[in-house]
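Shown next: my_file25.txt, given as compact mmCIF, C-alpha atoms.
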# COMPACT_ATOMS: atom_id res chain seq x y z
CA MET A 1 0.00 0.00 0.00
CA ALA A 2 1.48 3.37 -0.97
CA GLY A 3 1.65 6.06 1.71
CA GLU A 4 0.12 6.12 5.16
CA PRO A 5 -3.56 5.13 5.28
CA ALA A 6 -5.86 7.80 6.66
CA ILE A 7 -7.44 5.46 9.20
CA LEU A 8 -5.06 3.25 11.09
CA ALA A 9 -5.84 -0.27 12.14
CA SER A 10 -4.26 0.57 15.47
CA ASP A 11 -7.41 2.60 16.23
CA PHE A 12 -9.24 -0.68 16.14
CA PRO A 13 -10.74 -1.48 19.48
CA PRO A 14 -12.80 1.73 19.67
CA GLY A 15 -13.56 3.04 23.12
CA VAL A 16 -14.57 6.04 25.15
CA LYS A 17 -11.64 8.00 23.71
CA ASP A 18 -13.44 8.15 20.34
CA PHE A 19 -16.04 10.45 21.86
CA ASP A 20 -13.54 13.13 22.84
CA PHE A 21 -13.12 15.99 20.42
CA GLU A 22 -10.57 18.75 20.34
CA GLY A 23 -11.62 22.27 21.21
CA LEU A 24 -12.16 24.33 18.07
CA VAL A 25 -11.60 27.77 19.59
CA PRO A 26 -8.06 28.13 20.95
CA GLY A 27 -7.90 29.34 24.54
CA LEU A 28 -11.35 28.09 25.50
CA GLY A 29 -10.30 24.49 26.04
CA GLN A 30 -13.17 22.09 25.44
CA ALA A 31 -15.86 24.76 25.53
CA VAL A 32 -16.52 24.68 21.79
CA THR A 33 -16.09 21.31 20.09
CA LYS A 34 -17.70 19.55 17.14
CA VAL A 35 -20.42 18.36 19.51
CA THR A 36 -21.25 21.90 20.64
CA ILE A 37 -21.42 23.09 17.03
CA LEU A 38 -23.77 20.22 16.15
CA ALA A 39 -26.10 21.05 19.03
CA TRP A 40 -26.28 24.67 17.82
CA LEU A 41 -26.78 23.44 14.27
CA ALA A 42 -29.71 21.27 15.36
CA ALA A 43 -31.40 24.18 17.12
CA ALA A 44 -30.72 26.52 14.18
CA LEU A 45 -32.08 24.03 11.64
CA ILE A 46 -35.35 23.61 13.51
CA ILE A 47 -35.83 27.34 14.10
CA VAL A 48 -35.09 28.26 10.48
CA PHE A 49 -37.23 25.45 9.11
CA PHE A 50 -40.28 26.47 11.11
CA LEU A 51 -39.79 30.18 10.40
CA VAL A 52 -39.61 29.47 6.67
CA ALA A 53 -42.51 27.04 6.76
CA TYR A 54 -44.78 29.45 8.62
CA ARG A 55 -43.74 32.75 7.12
CA LYS A 56 -46.76 32.91 4.86
CA PRO A 57 -49.26 30.33 6.10
CA LYS A 58 -51.83 29.40 3.49
CA LEU A 59 -55.17 27.68 3.80
CA VAL A 60 -54.04 25.13 1.22
CA PRO A 61 -50.60 24.31 2.61
CA THR A 62 -47.47 24.32 0.51
CA LYS A 63 -45.11 21.36 0.71
CA THR A 64 -42.92 22.89 3.42
CA GLN A 65 -45.90 24.02 5.42
CA TRP A 66 -47.44 20.58 5.10
CA MET A 67 -44.25 18.99 6.44
CA ALA A 68 -44.12 21.33 9.43
CA GLU A 69 -47.80 20.83 10.14
CA SER A 70 -47.60 17.06 9.95
CA MET A 71 -44.63 17.00 12.34
CA TYR A 72 -46.55 19.09 14.82
CA GLY A 73 -49.70 17.09 14.19
CA PHE A 74 -47.89 13.83 14.79
CA VAL A 75 -46.72 14.85 18.25
CA ARG A 76 -49.96 16.63 19.13
CA ASP A 77 -52.25 13.77 18.15
CA GLY A 78 -49.94 10.84 18.72
CA VAL A 79 -48.33 11.88 21.99
CA ALA A 80 -49.79 14.96 23.69
CA THR A 81 -53.53 14.39 23.44
CA GLU A 82 -53.20 10.61 23.39
CA VAL A 83 -51.13 10.28 26.58
CA ILE A 84 -52.01 13.40 28.60
CA GLY A 85 -55.63 13.69 27.56
CA ALA A 86 -57.62 15.50 24.90
CA LYS A 87 -58.19 18.69 26.89
CA ARG A 88 -55.06 19.04 29.01
CA GLY A 89 -52.64 17.64 26.47
CA LEU A 90 -53.00 20.43 23.94
CA ARG A 91 -51.14 22.82 26.23
CA PHE A 92 -48.01 20.65 26.15
CA ALA A 93 -47.98 19.94 22.42
CA PRO A 94 -45.62 22.82 21.47
CA TYR A 95 -43.01 21.86 24.05
CA LEU A 96 -43.23 18.15 23.23
CA THR A 97 -42.88 18.88 19.51
CA THR A 98 -39.80 21.01 20.12
CA LEU A 99 -38.30 18.31 22.31
CA PHE A 100 -39.08 15.59 19.79
CA LEU A 101 -37.60 17.47 16.85
CA PHE A 102 -34.50 18.57 18.77
CA ILE A 103 -33.73 15.02 19.87
CA ILE A 104 -34.48 13.43 16.51
CA VAL A 105 -32.34 15.94 14.59
CA MET A 106 -29.46 15.49 17.04
CA ASN A 107 -29.81 11.70 16.76
CA PHE A 108 -29.78 11.81 12.98
CA PHE A 109 -26.47 13.65 13.12
CA GLY A 110 -25.04 10.32 14.24
CA ILE A 111 -25.44 8.82 10.78
CA ILE A 112 -25.18 11.82 8.45
CA PRO A 113 -21.85 11.55 6.58
CA PHE A 114 -19.06 13.85 7.87
CA LEU A 115 -21.05 14.82 10.97
CA GLN A 116 -21.31 11.25 12.28
CA ILE A 117 -21.57 11.97 15.97
CA SER A 118 -24.75 12.59 17.87
CA PRO A 119 -24.50 15.20 20.62
CA ASN A 120 -26.75 12.86 22.58
CA SER A 121 -23.91 10.36 22.85
CA HIS A 122 -22.47 12.73 25.45
CA ILE A 123 -24.40 12.30 28.69
CA SER A 124 -24.64 16.05 29.35
CA PHE A 125 -27.22 16.68 26.60
CA PRO A 126 -29.70 13.96 27.66
CA MET A 127 -29.10 14.99 31.28
CA PHE A 128 -30.14 18.56 30.62
CA LEU A 129 -33.19 17.57 28.59
CA THR A 130 -34.14 15.23 31.42
CA ALA A 131 -33.67 17.98 33.98
CA ILE A 132 -36.28 20.05 32.15
CA THR A 133 -38.71 17.13 32.19
CA TYR A 134 -37.99 16.40 35.86
CA VAL A 135 -38.54 19.98 37.02
CA MET A 136 -41.61 20.24 34.80
CA PHE A 137 -43.47 17.23 36.18
CA LEU A 138 -42.52 18.06 39.77
CA TYR A 139 -43.69 21.65 39.32
CA LEU A 140 -46.95 20.64 37.66
CA GLY A 141 -47.67 18.08 40.34
CA ILE A 142 -46.96 20.50 43.20
CA ARG A 143 -49.02 23.23 41.54
CA LYS A 144 -52.01 20.95 41.16
CA HIS A 145 -51.95 19.05 44.46
CA GLY A 146 -49.83 21.26 46.73
CA PHE A 147 -46.47 20.08 48.07
CA PHE A 148 -47.65 17.52 50.61
CA GLY A 149 -50.63 16.63 48.49
CA TYR A 150 -48.32 15.78 45.62
CA ILE A 151 -46.04 13.66 47.82
CA LYS A 152 -49.07 11.82 49.15
CA HIS A 153 -50.55 11.50 45.66
CA THR A 154 -47.34 9.97 44.37
CA LEU A 155 -46.33 7.71 47.24
CA ILE A 156 -49.59 6.45 48.73
CA LEU A 157 -51.47 4.00 46.54
CA PRO A 158 -55.21 3.97 47.20
CA GLY A 159 -56.97 0.77 48.18
CA VAL A 160 -53.99 -1.02 49.65
CA PRO A 161 -54.00 -2.68 53.10
CA TRP A 162 -52.06 -0.36 55.39
CA PRO A 163 -49.12 -2.65 56.31
CA MET A 164 -48.23 -2.82 52.62
CA HIS A 165 -47.32 0.86 52.69
CA PHE A 166 -44.07 0.05 54.53
CA LEU A 167 -43.04 -1.79 51.38
CA LEU A 168 -44.73 0.32 48.74
CA VAL A 169 -43.81 3.84 49.82
CA PRO A 170 -40.03 3.33 49.46
CA ILE A 171 -40.53 1.57 46.12
CA GLU A 172 -42.75 4.33 44.82
CA PHE A 173 -40.32 6.97 46.07
CA VAL A 174 -37.32 5.39 44.35
CA GLN A 175 -39.28 4.75 41.20
CA ASN A 176 -40.83 8.18 40.82
CA PHE A 177 -38.11 10.48 42.05
CA LEU A 178 -34.86 8.62 41.40
CA THR A 179 -35.06 6.04 38.63
CA ARG A 180 -37.39 8.07 36.42
CA PRO A 181 -34.89 10.86 35.64
CA VAL A 182 -31.88 8.54 35.63
CA THR A 183 -33.38 6.05 33.20
CA LEU A 184 -34.73 8.80 30.97
CA ALA A 185 -31.27 10.33 30.54
CA VAL A 186 -29.34 7.09 30.42
CA ARG A 187 -31.66 5.48 27.87
CA LEU A 188 -31.14 8.18 25.27
CA PHE A 189 -27.44 8.48 26.03
CA ALA A 190 -26.72 4.75 26.01
CA ASN A 191 -28.56 4.14 22.76
CA MET A 192 -26.66 6.85 20.94
CA PHE A 193 -23.37 5.88 22.57
CA ALA A 194 -23.77 2.21 21.73
CA GLY A 195 -24.88 3.01 18.20
CA HIS A 196 -21.81 5.14 17.52
CA LEU A 197 -19.58 2.47 19.03
CA LEU A 198 -21.21 -0.23 16.91
CA LEU A 199 -20.57 1.71 13.71
CA LEU A 200 -16.96 2.30 14.79
CA VAL A 201 -16.44 -1.40 15.51
CA PHE A 202 -17.56 -2.47 12.03
CA THR A 203 -15.88 0.37 10.12
CA LEU A 204 -12.55 0.18 11.95
CA GLY A 205 -12.84 -3.60 12.05
CA GLY A 206 -12.93 -3.58 8.26
CA VAL A 207 -9.75 -1.50 8.20
CA ALA A 208 -8.09 -3.82 10.71
CA LEU A 209 -8.99 -6.85 8.60
CA MET A 210 -7.74 -5.10 5.46
CA ASN A 211 -4.35 -4.62 7.07
CA ALA A 212 -4.29 -8.10 8.60
CA GLN A 213 -1.08 -10.12 8.40
CA THR A 214 -2.92 -13.18 7.13
CA VAL A 215 -3.95 -12.66 3.52
CA PHE A 216 -7.08 -14.79 3.86
CA PHE A 217 -8.58 -12.37 6.37
CA ARG A 218 -8.46 -9.40 4.02
CA PRO A 219 -11.56 -10.16 1.90
CA LEU A 220 -13.57 -10.38 5.13
CA SER A 221 -13.25 -6.60 5.50
CA VAL A 222 -16.00 -6.31 2.85
CA VAL A 223 -18.33 -8.24 5.16
CA SER A 224 -17.46 -5.92 8.01
CA TRP A 225 -18.20 -2.82 5.94
CA ALA A 226 -21.46 -4.34 4.70
CA MET A 227 -22.43 -4.80 8.34
CA ALA A 228 -21.52 -1.15 8.94
CA ILE A 229 -24.00 -0.13 6.21
CA ILE A 230 -26.72 -2.37 7.64
CA MET A 231 -26.09 -0.96 11.11
CA THR A 232 -26.38 2.57 9.74
CA PHE A 233 -29.93 1.80 8.65
CA PHE A 234 -30.57 0.20 12.02
CA GLU A 235 -29.35 3.42 13.65
CA LEU A 236 -31.88 5.34 11.55
CA ILE A 237 -34.67 3.36 13.24
CA VAL A 238 -33.09 3.69 16.70
CA ALA A 239 -32.69 7.46 16.32
CA ALA A 240 -36.36 7.97 15.53
CA LEU A 241 -37.53 5.44 18.12
CA GLN A 242 -35.50 6.94 20.97
CA ALA A 243 -36.76 10.45 20.23
CA TYR A 244 -40.32 9.08 20.26
CA VAL A 245 -39.75 7.15 23.48
CA PHE A 246 -38.23 10.17 25.24
CA VAL A 247 -41.20 12.33 24.33
CA ILE A 248 -43.78 9.71 25.19
CA LEU A 249 -42.19 9.13 28.60
CA THR A 250 -42.08 12.87 29.27
CA ALA A 251 -45.76 13.05 28.40
CA SER A 252 -46.62 10.12 30.62
CA TYR A 253 -44.72 11.62 33.58
CA VAL A 254 -46.58 14.89 33.09
CA GLU A 255 -49.83 12.95 32.90
CA SER A 256 -49.10 11.14 36.17
CA SER A 257 -48.51 14.50 37.87
CA LEU A 258 -51.74 15.94 36.55
CA ALA A 259 -53.92 12.89 37.18
CA ASP A 260 -56.69 13.20 39.71
CA GLU A 261 -56.21 9.67 40.98
CA HIS A 262 -53.12 7.59 41.20
CA MET B 1 -1.18 -23.15 37.19
CA ASP B 2 -4.50 -21.51 36.56
CA LEU B 3 -6.99 -23.83 34.97
CA ALA B 4 -9.74 -21.29 34.36
CA ALA B 5 -8.07 -17.91 34.32
CA VAL B 6 -10.16 -15.08 32.92
CA THR B 7 -8.27 -12.35 31.15
CA GLY B 8 -9.62 -9.14 29.66
CA SER B 9 -12.56 -7.11 30.84
CA LEU B 10 -14.94 -8.79 33.28
CA SER B 11 -17.39 -5.95 32.78
CA SER B 12 -18.22 -7.22 29.30
CA ILE B 13 -19.33 -10.49 30.90
CA GLY B 14 -21.34 -8.40 33.35
CA TYR B 15 -23.03 -6.66 30.46
CA GLY B 16 -23.86 -10.01 28.90
CA LEU B 17 -25.53 -11.09 32.14
CA ALA B 18 -27.35 -7.77 32.44
CA ALA B 19 -28.78 -8.16 28.93
CA ILE B 20 -30.48 -11.52 29.57
CA GLY B 21 -33.47 -10.21 31.53
CA PRO B 22 -34.25 -7.23 29.30
CA GLY B 23 -33.80 -9.46 26.24
CA ILE B 24 -36.55 -11.76 27.45
CA GLY B 25 -38.64 -8.82 28.63
CA VAL B 26 -38.50 -6.93 25.34
CA GLY B 27 -39.49 -10.14 23.55
CA ILE B 28 -42.51 -10.54 25.81
CA VAL B 29 -43.56 -6.91 25.32
CA PHE B 30 -43.55 -7.11 21.54
CA ALA B 31 -45.07 -10.59 21.50
CA ALA B 32 -47.94 -9.34 23.62
CA TYR B 33 -48.45 -6.37 21.30
CA ILE B 34 -48.50 -8.61 18.22
CA THR B 35 -50.91 -11.01 19.90
CA SER B 36 -53.28 -8.26 20.93
CA THR B 37 -53.15 -6.68 17.48
CA ALA B 38 -53.84 -10.01 15.81
CA ARG B 39 -56.85 -10.61 18.03
CA GLN B 40 -58.22 -7.11 17.73
CA PRO B 41 -56.63 -5.14 14.88
CA GLU B 42 -58.54 -1.94 15.70
CA SER B 43 -56.78 -1.72 19.09
CA ALA B 44 -53.36 -1.34 17.45
CA GLY B 45 -53.24 2.44 17.83
CA LEU B 46 -54.58 2.28 21.35
CA THR B 47 -51.96 -0.12 22.69
CA ARG B 48 -48.97 1.21 20.73
CA THR B 49 -48.27 3.89 23.35
CA TYR B 50 -48.28 1.33 26.14
CA MET B 51 -46.04 -0.97 24.12
CA PHE B 52 -43.41 1.74 23.78
CA LEU B 53 -43.76 2.66 27.46
CA GLY B 54 -43.26 -0.95 28.50
CA PHE B 55 -40.43 -1.43 26.04
CA ALA B 56 -38.64 1.66 27.33
CA ILE B 57 -38.94 0.60 30.95
CA VAL B 58 -37.88 -3.01 30.34
CA GLU B 59 -34.89 -1.91 28.28
CA ALA B 60 -33.50 0.29 31.06
CA LEU B 61 -31.55 -2.44 32.89
CA ALA B 62 -29.67 -3.50 29.77
CA LEU B 63 -28.67 0.10 29.20
CA PHE B 64 -27.48 0.42 32.79
CA GLY B 65 -25.39 -2.67 32.18
CA LEU B 66 -23.86 -1.13 29.10
CA VAL B 67 -22.99 2.13 30.82
CA LEU B 68 -21.69 0.49 33.99
CA GLY B 69 -19.61 -1.83 31.83
CA PHE B 70 -17.78 1.19 30.50
CA ILE B 71 -17.50 2.87 33.89
CA TRP B 72 -15.80 -0.18 35.43
CA ALA B 73 -13.92 -1.17 32.30
CA GLY B 74 -10.69 -0.61 34.22

Translate this structure into structure tokens?
Amino acid sequence: MAGEPAILASDFPPGVKDFDFEGLVPGLGQAVTKVTILAWLAAALIIVFFLVAYRKPKLVPTKTQWMAESMYGFVRDGVATEVIGAKRGLRFAPYLTTLFLFIIVMNFFGIIPFLQISPNSHISFPMFLTAITYVMFLYLGIRKHGFFGYIKHTLILPGVPWPMHFLLVPIEFVQNFLTRPVTLAVRLFANMFAGHLLLLVFTLGGVALMNAQTVFFRPLSVVSWAMAIIMTFFELIVAALQAYVFVILTASYVESSLADEH
Amino acid sequence: MDLAAVTGSLSSIGYGLAAIGPGIGVGIVFAAYITSTARQPESAGLTRTYMFLGFAIVEALALFGLVLGFIWAG
């Protein structure tokens, strides 16, 4: 092979180090990296798209307007009113749509050529999105039931023999206030992290096989790259599914805070 | 002489163990959804939300396993 190859086989077992990017602005350290730029890009894309789509709304929608309306309609009808309820859900549709689109655009960055990293594969982005959800459902619950009312509403299950509460109250507490936010953040993060790692394994694995000492291993690199292509399509499904799951869980947590009964 | 020495990362074995339960659970969730849709096709839209909710909750432990595997990779 002439010259140094661009990707070295020595990169092969990919790991956590592949998620670190160099700072782009000198002097600021890691404040602005590729990941930061992609998060801004996602927000900018969504804002510009909706401004353009709704600049001149028409009764008979144009193609762009139809796309924007069907995205909003999907979240409003499929998530907000379906999970939270026809009357109360409408209020949350704009936020849920924004959340859904932000996550799905950031997830798609994981498979778009040359971008190829999702900001959500860094835990800080899912953590912050989860923090908004967490504060939102706590606030809504406390506003509706009052502080102690909300605690009672969440922890005490109606119609249970009283000795069972010794067992149920701790379980309900851990489930509602601790595992809910943790799982919400970790689910999105781990899916994007694992997806990126999977693509790296097959792509770099192909390079490693190509440079293998044994000649018979070299043709196998084609199989590895074919798997990388298949996994890219699989990531397409995962990206959309995880955005949907995040939004539907947010809606269901909000619903549980607003519910009259447990 | 070690007869059964394990070299490499034990946390990958831990992840394999952590994935068993959620693997079975996710299978049950989707199987139940398919069964209910086959019996009553008009309920497909109604139960889809609950399927994804159940799927998301069942999947959580496998994801914890994955993340903890990296944390204790050593």

Near chain A, which residues of chain B fall within 8 Å when you count only C-alpha atoms, and what do they look like as a list in words? Thr49, Phe52, Leu53, Ala56, Ala60, Leu63, Phe64, Leu66, Val67 and Phe70 of chain B

What separation in Å, quoted to one decimal, exists between atom CA of A:Met192 and atom CA of A:Ile112?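 Separating atom CA of A:Met192 from atom CA of A:Ile112 is a distance of 13.5 Å.
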
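Going from atom CA of A:Phe50 over to atom CA of A:Met106, you cover 16.5 Å.
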
Counting only C-alpha atoms, what is within 9 Å of stretch 36-49 of chain A, bar same-chain residues fewer than 3 positions away, as a list in words?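 Final neighbour list, sorted by chain and number: Ala31, Val32, Thr33, Val52, Ala53, Tyr54, Thr64, Ala68, Thr98, Leu101, Phe102, Ile103, Val105, Met106, Phe109, Leu115, Ile117, Ser118, Pro119, Asn120 and Phe125 of chain A.
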
Could you work out an axis-aligned bounding box for all listed atoms of stretch 126-132 of chain A, with 4 Å added on each of the six sides, and give its centre and edge lengths in Å to one decimal, as lines of an AutoDock Vina configuration file?
center_x = -32.7
center_y = 17.0
center_z = 30.8
size_x = 15.2
size_y = 14.1
size_z = 14.3

Calculate how many Å separate atom CA of A:Phe173 from atom CA of A:Phe128, rounding to one decimal.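 Interatomic distance here is 21.8 Å.
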
Between B:Leu46, B:Val26, B:Ala31, B:Ala19, which is the closest to B:Ala62 once you count only C-alpha atoms?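 Ranking B:Leu46, B:Val26, B:Ala31, B:Ala19 by distance to B:Ala62, first place goes to B:Ala19.
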
Among the residues A:Met231, A:Val60, A:Val207, A:Leu129, the one that comes closest to A:Ala243 [using all atoms listed in the file]: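 When distances to A:Ala243 are compared using all atoms listed in the file, the smallest one comes from A:Leu129.
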
With all atoms listed in the file as the atoms that count, which of A:Phe21, A:Pro181, A:Lys56, A:Thr62 lies nearest to A:Thr130?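 The closest residue to A:Thr130 is A:Pro181.
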
Rank nothing, just name the residue among B:Val6, B:Ile24, B:Ala44, B:Ile34 nearest to B:Glu59, using only C-alpha atoms. B:Ile24

Please identify all polymer residues within 10 Å of A:Thr232, counting all atoms listed in the file, omitting same-chain residues fewer than 2 positions from it, and present them as a PDB file with C-alpha atoms, in the coordinates of the input.
ATOM      1  CA  GLY A 110     -25.040  10.320  14.240  1.00  0.00           C
ATOM      2  CA  ILE A 111     -25.440   8.820  10.780  1.00  0.00           C
ATOM      3  CA  ILE A 112     -25.180  11.820   8.450  1.00  0.00           C
ATOM      4  CA  GLY A 195     -24.880   3.010  18.200  1.00  0.00           C
ATOM      5  CA  HIS A 196     -21.810   5.140  17.520  1.00  0.00           C
ATOM      6  CA  LEU A 198     -21.210  -0.230  16.910  1.00  0.00           C
ATOM      7  CA  LEU A 199     -20.570   1.710  13.710  1.00  0.00           C
ATOM      8  CA  ALA A 226     -21.460  -4.340   4.700  1.00  0.00           C
ATOM      9  CA  MET A 227     -22.430  -4.800   8.340  1.00  0.00           C
ATOM     10  CA  ALA A 228     -21.520  -1.150   8.940  1.00  0.00           C
ATOM     11  CA  ILE A 229     -24.000  -0.130   6.210  1.00  0.00           C
ATOM     12  CA  ILE A 230     -26.720  -2.370   7.640  1.00  0.00           C
ATOM     13  CA  PHE A 234     -30.570   0.200  12.020  1.00  0.00           C
ATOM     14  CA  GLU A 235     -29.350   3.420  13.650  1.00  0.00           C
ATOM     15  CA  LEU A 236     -31.880   5.340  11.550  1.00  0.00           C
ATOM     16  CA  ILE A 237     -34.670   3.360  13.240  1.00  0.00           C
ATOM     17  CA  VAL A 238     -33.090   3.690  16.700  1.00  0.00           C
TER      18      VAL A 238
END
